[in-house]
Structures are given as structure tokens and as C-alpha cells.
>>> print(open('input_29.cif').read())   # mmCIF, C-alpha atoms
data_structure
#
loop_
_atom_site.group_PDB
_atom_site.id
_atom_site.type_symbol
_atom_site.label_atom_id
_atom_site.label_comp_id
_atom_site.auth_asym_id
_atom_site.auth_seq_id
_atom_site.Cartn_x
_atom_site.Cartn_y
_atom_site.Cartn_z
ATOM 1 C CA GLY A 181 91.445 83.003 80.747
ATOM 2 C CA TYR A 182 90.448 80.631 83.545
ATOM 3 C CA ARG A 183 91.725 77.499 81.891
ATOM 4 C CA ALA A 184 95.101 76.337 83.056
ATOM 5 C CA PRO A 185 97.735 75.650 80.392
ATOM 6 C CA GLU A 186 97.392 71.897 80.846
ATOM 7 C CA GLN A 187 93.729 72.223 79.870
ATOM 8 C CA GLU A 188 94.618 74.265 76.806
ATOM 9 C CA ASN A 189 97.068 71.664 75.556
ATOM 10 C CA ASN A 190 94.693 68.742 76.237
ATOM 11 C CA LYS A 191 97.041 67.306 78.804
ATOM 12 C CA LYS A 192 95.873 65.550 81.917
ATOM 13 C CA MET A 193 94.130 67.898 84.355
ATOM 14 C CA ASN A 194 94.384 67.718 88.110
ATOM 15 C CA TYR A 195 93.181 69.685 91.114
ATOM 16 C CA LYS A 196 95.940 72.255 90.578
ATOM 17 C CA SER A 197 94.117 73.279 87.408
ATOM 18 C CA ASP A 198 91.431 74.572 89.761
ATOM 19 C CA ILE A 199 94.050 76.503 91.754
ATOM 20 C CA TYR A 200 94.977 78.283 88.524
ATOM 21 C CA ALA A 201 91.325 79.154 87.806
ATOM 22 C CA MET A 202 90.729 80.342 91.366
ATOM 23 C CA ALA A 203 93.785 82.613 91.246
ATOM 24 C CA VAL A 204 92.601 84.130 87.951
ATOM 25 C CA SER A 205 89.187 84.746 89.547
ATOM 26 C CA ILE A 206 90.803 86.504 92.515
ATOM 27 C CA ILE A 207 92.872 88.660 90.166
ATOM 28 C CA GLU A 208 89.723 89.673 88.301
ATOM 29 C CA LEU A 209 87.776 90.371 91.489
ATOM 30 C CA TRP A 210 90.587 92.445 92.992
ATOM 31 C CA ASN A 211 90.873 94.559 89.869
ATOM 32 C CA GLY A 212 87.135 94.703 89.198
ATOM 33 C CA ASP A 213 87.707 93.657 85.610
ATOM 34 C CA ILE A 214 86.694 90.576 83.644
ATOM 35 C CA TRP A 215 88.610 89.886 80.470
ATOM 36 C CA TYR A 216 86.769 89.010 77.314
ATOM 37 C CA GLU A 217 89.203 90.236 74.701
ATOM 38 C CA GLY A 218 91.568 87.281 74.534
ATOM 39 C CA ASN A 219 90.787 84.585 72.014
ATOM 40 C CA THR A 220 93.852 82.460 72.696
ATOM 41 C CA PHE A 221 95.549 81.264 75.852
ATOM 42 C CA LYS A 222 98.482 83.593 75.155
ATOM 43 C CA GLU A 223 96.218 86.645 74.837
ATOM 44 C CA CYS A 224 94.295 85.761 77.996
ATOM 45 C CA ARG A 225 97.511 85.108 79.889
ATOM 46 C CA LYS A 226 98.740 88.574 78.952
ATOM 47 C CA GLU A 227 95.608 90.117 80.495
ATOM 48 C CA VAL A 228 95.915 87.986 83.636
ATOM 49 C CA LEU A 229 99.542 89.019 84.115
ATOM 50 C CA ARG A 230 98.655 92.676 83.646
ATOM 51 C CA GLY A 231 96.060 92.364 86.413
ATOM 52 C CA LEU A 232 98.523 90.485 88.604
ATOM 53 C CA ARG A 233 101.117 93.255 88.283
ATOM 54 C CA THR A 234 98.535 95.714 89.601
ATOM 55 C CA ILE A 235 98.028 93.540 92.677
ATOM 56 C CA GLU A 236 101.755 93.071 93.193
ATOM 57 C CA LYS A 237 102.209 96.863 93.326
ATOM 58 C CA GLN A 238 99.506 97.147 95.983
ATOM 59 C CA HIS A 239 100.105 93.989 97.994
ATOM 60 C CA SER A 240 103.259 91.981 97.478
ATOM 61 C CA GLU A 241 102.275 89.012 99.686
ATOM 62 C CA LEU A 242 99.030 88.399 97.851
ATOM 63 C CA GLY A 243 100.804 88.959 94.548
ATOM 64 C CA ARG A 244 103.377 86.273 95.381
ATOM 65 C CA LEU A 245 100.677 83.746 96.239
ATOM 66 C CA LEU A 246 98.744 84.461 93.062
ATOM 67 C CA ARG A 247 101.859 84.377 90.875
ATOM 68 C CA LYS A 248 102.733 80.931 92.269
ATOM 69 C CA SER A 249 99.140 79.838 91.697
ATOM 70 C CA ILE A 250 99.182 80.733 88.000
ATOM 71 C CA ASN A 251 102.528 79.105 87.307
ATOM 72 C CA LEU A 252 102.496 77.455 83.893
ATOM 73 C CA LYS A 253 103.768 74.214 85.454
ATOM 74 C CA HIS A 254 101.068 72.702 87.636
ATOM 75 C CA SER A 255 103.672 70.986 89.812
ATOM 76 C CA LYS A 256 104.906 74.427 90.921
ATOM 77 C CA ARG A 257 101.457 75.633 92.051
ATOM 78 C CA PRO A 258 100.458 75.325 95.705
ATOM 79 C CA ASN A 259 98.001 72.629 96.661
ATOM 80 C CA SER A 260 94.603 73.719 97.958
ATOM 81 C CA LYS A 261 95.558 73.373 101.627
ATOM 82 C CA ARG A 262 98.700 75.503 101.152
ATOM 83 C CA PHE A 263 96.795 78.066 99.088
ATOM 84 C CA LEU A 264 94.070 78.424 101.710
ATOM 85 C CA SER A 265 96.408 78.622 104.703
ATOM 86 C CA THR A 266 98.604 81.212 102.975
ATOM 87 C CA LEU A 267 95.574 83.262 101.975
ATOM 88 C CA GLN A 268 94.187 83.105 105.525
ATOM 89 C CA ASN A 269 97.522 84.310 106.918
ATOM 90 C CA ILE A 270 97.638 87.184 104.447
ATOM 91 C CA ILE A 271 94.096 88.237 105.314
ATOM 92 C CA SER A 272 94.553 87.983 109.079
ATOM 93 C CA ASN A 273 97.852 89.889 108.935
ATOM 94 C CA ASN A 274 96.288 92.632 106.812
ATOM 95 C CA HIS A 275 92.686 92.632 107.984
ATOM 96 C CA HIS A 276 92.466 96.435 108.084
ATOM 97 C CA ILE A 277 93.569 96.721 104.432
ATOM 98 C CA TYR A 278 90.949 94.284 103.139
ATOM 99 C CA LYS A 279 88.189 95.697 105.338
ATOM 100 C CA THR A 280 88.857 99.158 103.908
ATOM 101 C CA ARG A 281 89.053 97.842 100.333
ATOM 102 C CA LEU A 282 85.717 96.056 100.658
ATOM 103 C CA HIS A 283 84.016 99.294 101.682
ATOM 104 C CA ASP A 284 85.485 101.421 98.860
#
>>> encode(input="input_29.cif", output="C-alpha cells")
Amino acid sequence: GYRAPEQENNKKMNYKSDIYAMAVSIIELWNGDIWYEGNTFKECRKEVLRGLRTIEKQHSELGRLLRKSINLKHSKRPNSKRFLSTLQNIISNNHHIYKTRLHD
């Protein structure tokens, strides 16, 4: 589930493949669930999207960032600097939400 589509299809990888993997990790951490059931990229992707929809219902800003980060086209994903700055803005704007969630 962590492998970006370009890795699955044996195409050339780049640093945005890592953005994909990081976003999947955040989705899993947020939901407290690690997916083992998928044997193919398509099955894993289905699980990732299900977890993402849960986040989008709870926090639309974070959901938007993660959805962009797991785009099937690596050229559409944010670079690491954009990802980090957007994530920092989301956290600082919603510090009370994340502080509460961490203590649940």
C-alpha cells in the first residue's frame, strides 16, 4: 500500500514516490489502522482511499493535502517543501484539534 503507482509499474521513481508513501503512512496513523489485506495495488489503493475519506470527513484541509499527495500522477503531487509547509500551516491553524486527538 505504500508503493506509489510508478513503483508498481516499474517506471522511473522520483522523490514524489516518497511523498505518496508518507501520505499513506499519515492516513494509517490517523486512522490507527494498518492494511495487510490487499495483495495488489488496486486492492491496497481501495483501502487507502477508504481511510482518506474518514480523514476528509473529520478534517477537510488535511484531507485535501493527503489526496493531492496520493495522486496517481506523480507530477500532480506536491514536492516535499510544499507538503511540509502546508502540513505545518494546517497544524498551527488547528493546534487545539491535534493536541486533543493525541491525548485521546
>>> atom_distance(input="input_29.cif", atom1="atom CA of Ile235 of chain A", atom2="atom CA of Met193 of chain A")
27.2 Å
>>> closest_residue(input="input_29.cif", among="A:Phe221, A:Asn273, A:Asp213, A:Leu229", to="Ile250 of chain A", atoms="only C-alpha atoms")
A:Leu229
>>> atom_distance(input="input_29.cif", atom1="atom CA of Gln238 of chain A", atom2="atom CA of Trp210 of chain A")
10.5 Å
>>> atom_distance(input="input_29.cif", atom1="atom CA of Leu232 of chain A", atom2="atom CA of Asn194 of chain A")
23.1 Å
>>> resolve_selection(input="input_29.cif", expression="the PyMOL selection byres ((chain A and resi 231) around 12)", output="NGL selection string")
:A and (181 or 203-215 or 224-230 or 232-238 or 243 or 246-247)
>>> resolve_selection(input="input_29.cif", expression="the PyMOL selection byres ((chain A and resi 266) around 12)", output="PyMOL selection string")
chain A and resi 241-246+248-249+258-265+267-273
>>> residues_around(input="input_29.cif", residues="Glu186 of chain A", least_positions_apart="3", cutoff="10 Å", atoms="all atoms listed in the file", output="JSON list (two decimals) with C-alpha atoms, in the frame of the given file")
[["chain", "number", "residue", "atom", "x", "y", "z"],
["A", 183, "ARG", "CA", 91.72, 77.50, 81.89],
["A", 189, "ASN", "CA", 97.07, 71.66, 75.56],
["A", 190, "ASN", "CA", 94.69, 68.74, 76.24],
["A", 191, "LYS", "CA", 97.04, 67.31, 78.80],
["A", 192, "LYS", "CA", 95.87, 65.55, 81.92],
["A", 193, "MET", "CA", 94.13, 67.90, 84.36],
["A", 194, "ASN", "CA", 94.38, 67.72, 88.11],
["A", 196, "LYS", "CA", 95.94, 72.26, 90.58],
["A", 197, "SER", "CA", 94.12, 73.28, 87.41],
["A", 252, "LEU", "CA", 102.50, 77.46, 83.89],
["A", 253, "LYS", "CA", 103.77, 74.21, 85.45],
["A", 254, "HIS", "CA", 101.07, 72.70, 87.64]]
>>> build_atoms(input="input_29.cif", residues="segment 217-228 of chain A", atoms="all heavy atoms", output="PDB file, keeping the file's coordinate frame")
ATOM      1  N   GLU A 217      88.555  89.915  75.969  1.00  0.00           N
ATOM      2  CA  GLU A 217      89.203  90.236  74.701  1.00  0.00           C
ATOM      3  C   GLU A 217      90.093  89.127  74.153  1.00  0.00           C
ATOM      4  O   GLU A 217      90.294  89.053  72.957  1.00  0.00           O
ATOM      5  CB  GLU A 217      89.994  91.525  74.843  1.00  0.00           C
ATOM      6  CG  GLU A 217      89.089  92.703  75.156  1.00  0.00           C
ATOM      7  CD  GLU A 217      89.861  93.986  75.349  1.00  0.00           C
ATOM      8  OE1 GLU A 217      90.986  94.085  74.847  1.00  0.00           O
ATOM      9  OE2 GLU A 217      89.325  94.880  76.005  1.00  0.00           O
ATOM     10  N   GLY A 218      90.633  88.296  75.001  1.00  0.00           N
ATOM     11  CA  GLY A 218      91.568  87.281  74.534  1.00  0.00           C
ATOM     12  C   GLY A 218      90.874  86.101  73.883  1.00  0.00           C
ATOM     13  O   GLY A 218      89.956  85.520  74.446  1.00  0.00           O
ATOM     14  N   ASN A 219      91.334  85.746  72.711  1.00  0.00           N
ATOM     15  CA  ASN A 219      90.787  84.585  72.014  1.00  0.00           C
ATOM     16  C   ASN A 219      91.676  83.352  72.153  1.00  0.00           C
ATOM     17  O   ASN A 219      91.240  82.248  71.905  1.00  0.00           O
ATOM     18  CB  ASN A 219      90.595  84.899  70.524  1.00  0.00           C
ATOM     19  CG  ASN A 219      89.504  85.910  70.310  1.00  0.00           C
ATOM     20  OD1 ASN A 219      88.481  85.876  70.980  1.00  0.00           O
ATOM     21  ND2 ASN A 219      89.721  86.833  69.392  1.00  0.00           N
ATOM     22  N   THR A 220      92.918  83.570  72.537  1.00  0.00           N
ATOM     23  CA  THR A 220      93.852  82.460  72.696  1.00  0.00           C
ATOM     24  C   THR A 220      94.378  82.457  74.131  1.00  0.00           C
ATOM     25  O   THR A 220      94.243  83.451  74.866  1.00  0.00           O
ATOM     26  CB  THR A 220      95.058  82.612  71.740  1.00  0.00           C
ATOM     27  OG1 THR A 220      95.808  83.779  72.124  1.00  0.00           O
ATOM     28  CG2 THR A 220      94.614  82.721  70.293  1.00  0.00           C
ATOM     29  N   PHE A 221      94.974  81.343  74.515  1.00  0.00           N
ATOM     30  CA  PHE A 221      95.549  81.264  75.852  1.00  0.00           C
ATOM     31  C   PHE A 221      96.589  82.371  76.048  1.00  0.00           C
ATOM     32  O   PHE A 221      96.614  83.030  77.077  1.00  0.00           O
ATOM     33  CB  PHE A 221      96.190  79.889  76.093  1.00  0.00           C
ATOM     34  CG  PHE A 221      96.843  79.794  77.440  1.00  0.00           C
ATOM     35  CD1 PHE A 221      96.085  79.544  78.567  1.00  0.00           C
ATOM     36  CD2 PHE A 221      98.210  79.977  77.575  1.00  0.00           C
ATOM     37  CE1 PHE A 221      96.683  79.478  79.822  1.00  0.00           C
ATOM     38  CE2 PHE A 221      98.811  79.907  78.820  1.00  0.00           C
ATOM     39  CZ  PHE A 221      98.042  79.660  79.946  1.00  0.00           C
ATOM     40  N   LYS A 222      97.416  82.587  75.056  1.00  0.00           N
ATOM     41  CA  LYS A 222      98.482  83.593  75.155  1.00  0.00           C
ATOM     42  C   LYS A 222      97.901  84.994  75.381  1.00  0.00           C
ATOM     43  O   LYS A 222      98.406  85.742  76.219  1.00  0.00           O
ATOM     44  CB  LYS A 222      99.331  83.562  73.884  1.00  0.00           C
ATOM     45  CG  LYS A 222     100.539  84.447  73.934  1.00  0.00           C
ATOM     46  CD  LYS A 222     101.376  84.291  72.680  1.00  0.00           C
ATOM     47  CE  LYS A 222     102.596  85.192  72.729  1.00  0.00           C
ATOM     48  NZ  LYS A 222     103.425  85.050  71.529  1.00  0.00           N
ATOM     49  N   GLU A 223      96.846  85.335  74.669  1.00  0.00           N
ATOM     50  CA  GLU A 223      96.218  86.645  74.837  1.00  0.00           C
ATOM     51  C   GLU A 223      95.587  86.784  76.221  1.00  0.00           C
ATOM     52  O   GLU A 223      95.701  87.824  76.865  1.00  0.00           O
ATOM     53  CB  GLU A 223      95.160  86.865  73.757  1.00  0.00           C
ATOM     54  CG  GLU A 223      95.731  87.037  72.373  1.00  0.00           C
ATOM     55  CD  GLU A 223      94.654  87.026  71.298  1.00  0.00           C
ATOM     56  OE1 GLU A 223      93.474  86.711  71.600  1.00  0.00           O
ATOM     57  OE2 GLU A 223      94.987  87.327  70.145  1.00  0.00           O
ATOM     58  N   CYS A 224      94.912  85.734  76.668  1.00  0.00           N
ATOM     59  CA  CYS A 224      94.295  85.761  77.996  1.00  0.00           C
ATOM     60  C   CYS A 224      95.353  85.846  79.087  1.00  0.00           C
ATOM     61  O   CYS A 224      95.202  86.579  80.061  1.00  0.00           O
ATOM     62  CB  CYS A 224      93.420  84.525  78.207  1.00  0.00           C
ATOM     63  SG  CYS A 224      91.936  84.513  77.191  1.00  0.00           S
ATOM     64  N   ARG A 225      96.413  85.105  78.912  1.00  0.00           N
ATOM     65  CA  ARG A 225      97.511  85.108  79.889  1.00  0.00           C
ATOM     66  C   ARG A 225      98.095  86.511  80.030  1.00  0.00           C
ATOM     67  O   ARG A 225      98.409  86.957  81.132  1.00  0.00           O
ATOM     68  CB  ARG A 225      98.585  84.106  79.437  1.00  0.00           C
ATOM     69  CG  ARG A 225      99.796  84.048  80.294  1.00  0.00           C
ATOM     70  CD  ARG A 225      99.624  83.132  81.440  1.00  0.00           C
ATOM     71  NE  ARG A 225     100.890  83.025  82.169  1.00  0.00           N
ATOM     72  CZ  ARG A 225     100.993  82.546  83.359  1.00  0.00           C
ATOM     73  NH1 ARG A 225      99.933  82.071  83.960  1.00  0.00           N
ATOM     74  NH2 ARG A 225     102.147  82.483  83.967  1.00  0.00           N
ATOM     75  N   LYS A 226      98.221  87.206  78.936  1.00  0.00           N
ATOM     76  CA  LYS A 226      98.740  88.574  78.952  1.00  0.00           C
ATOM     77  C   LYS A 226      97.852  89.466  79.824  1.00  0.00           C
ATOM     78  O   LYS A 226      98.349  90.262  80.621  1.00  0.00           O
ATOM     79  CB  LYS A 226      98.813  89.101  77.521  1.00  0.00           C
ATOM     80  CG  LYS A 226      99.392  90.474  77.389  1.00  0.00           C
ATOM     81  CD  LYS A 226      99.467  90.877  75.923  1.00  0.00           C
ATOM     82  CE  LYS A 226      99.933  92.294  75.764  1.00  0.00           C
ATOM     83  NZ  LYS A 226      99.950  92.702  74.355  1.00  0.00           N
ATOM     84  N   GLU A 227      96.545  89.330  79.693  1.00  0.00           N
ATOM     85  CA  GLU A 227      95.608  90.117  80.495  1.00  0.00           C
ATOM     86  C   GLU A 227      95.695  89.738  81.978  1.00  0.00           C
ATOM     87  O   GLU A 227      95.655  90.599  82.850  1.00  0.00           O
ATOM     88  CB  GLU A 227      94.179  89.914  79.989  1.00  0.00           C
ATOM     89  CG  GLU A 227      93.944  90.482  78.610  1.00  0.00           C
ATOM     90  CD  GLU A 227      94.080  91.991  78.586  1.00  0.00           C
ATOM     91  OE1 GLU A 227      93.577  92.673  79.503  1.00  0.00           O
ATOM     92  OE2 GLU A 227      94.710  92.501  77.644  1.00  0.00           O
ATOM     93  N   VAL A 228      95.797  88.450  82.253  1.00  0.00           N
ATOM     94  CA  VAL A 228      95.915  87.986  83.636  1.00  0.00           C
ATOM     95  C   VAL A 228      97.176  88.558  84.280  1.00  0.00           C
ATOM     96  O   VAL A 228      97.146  89.061  85.404  1.00  0.00           O
ATOM     97  CB  VAL A 228      95.915  86.437  83.697  1.00  0.00           C
ATOM     98  CG1 VAL A 228      96.324  85.937  85.068  1.00  0.00           C
ATOM     99  CG2 VAL A 228      94.557  85.887  83.301  1.00  0.00           C
TER     100      VAL A 228
END
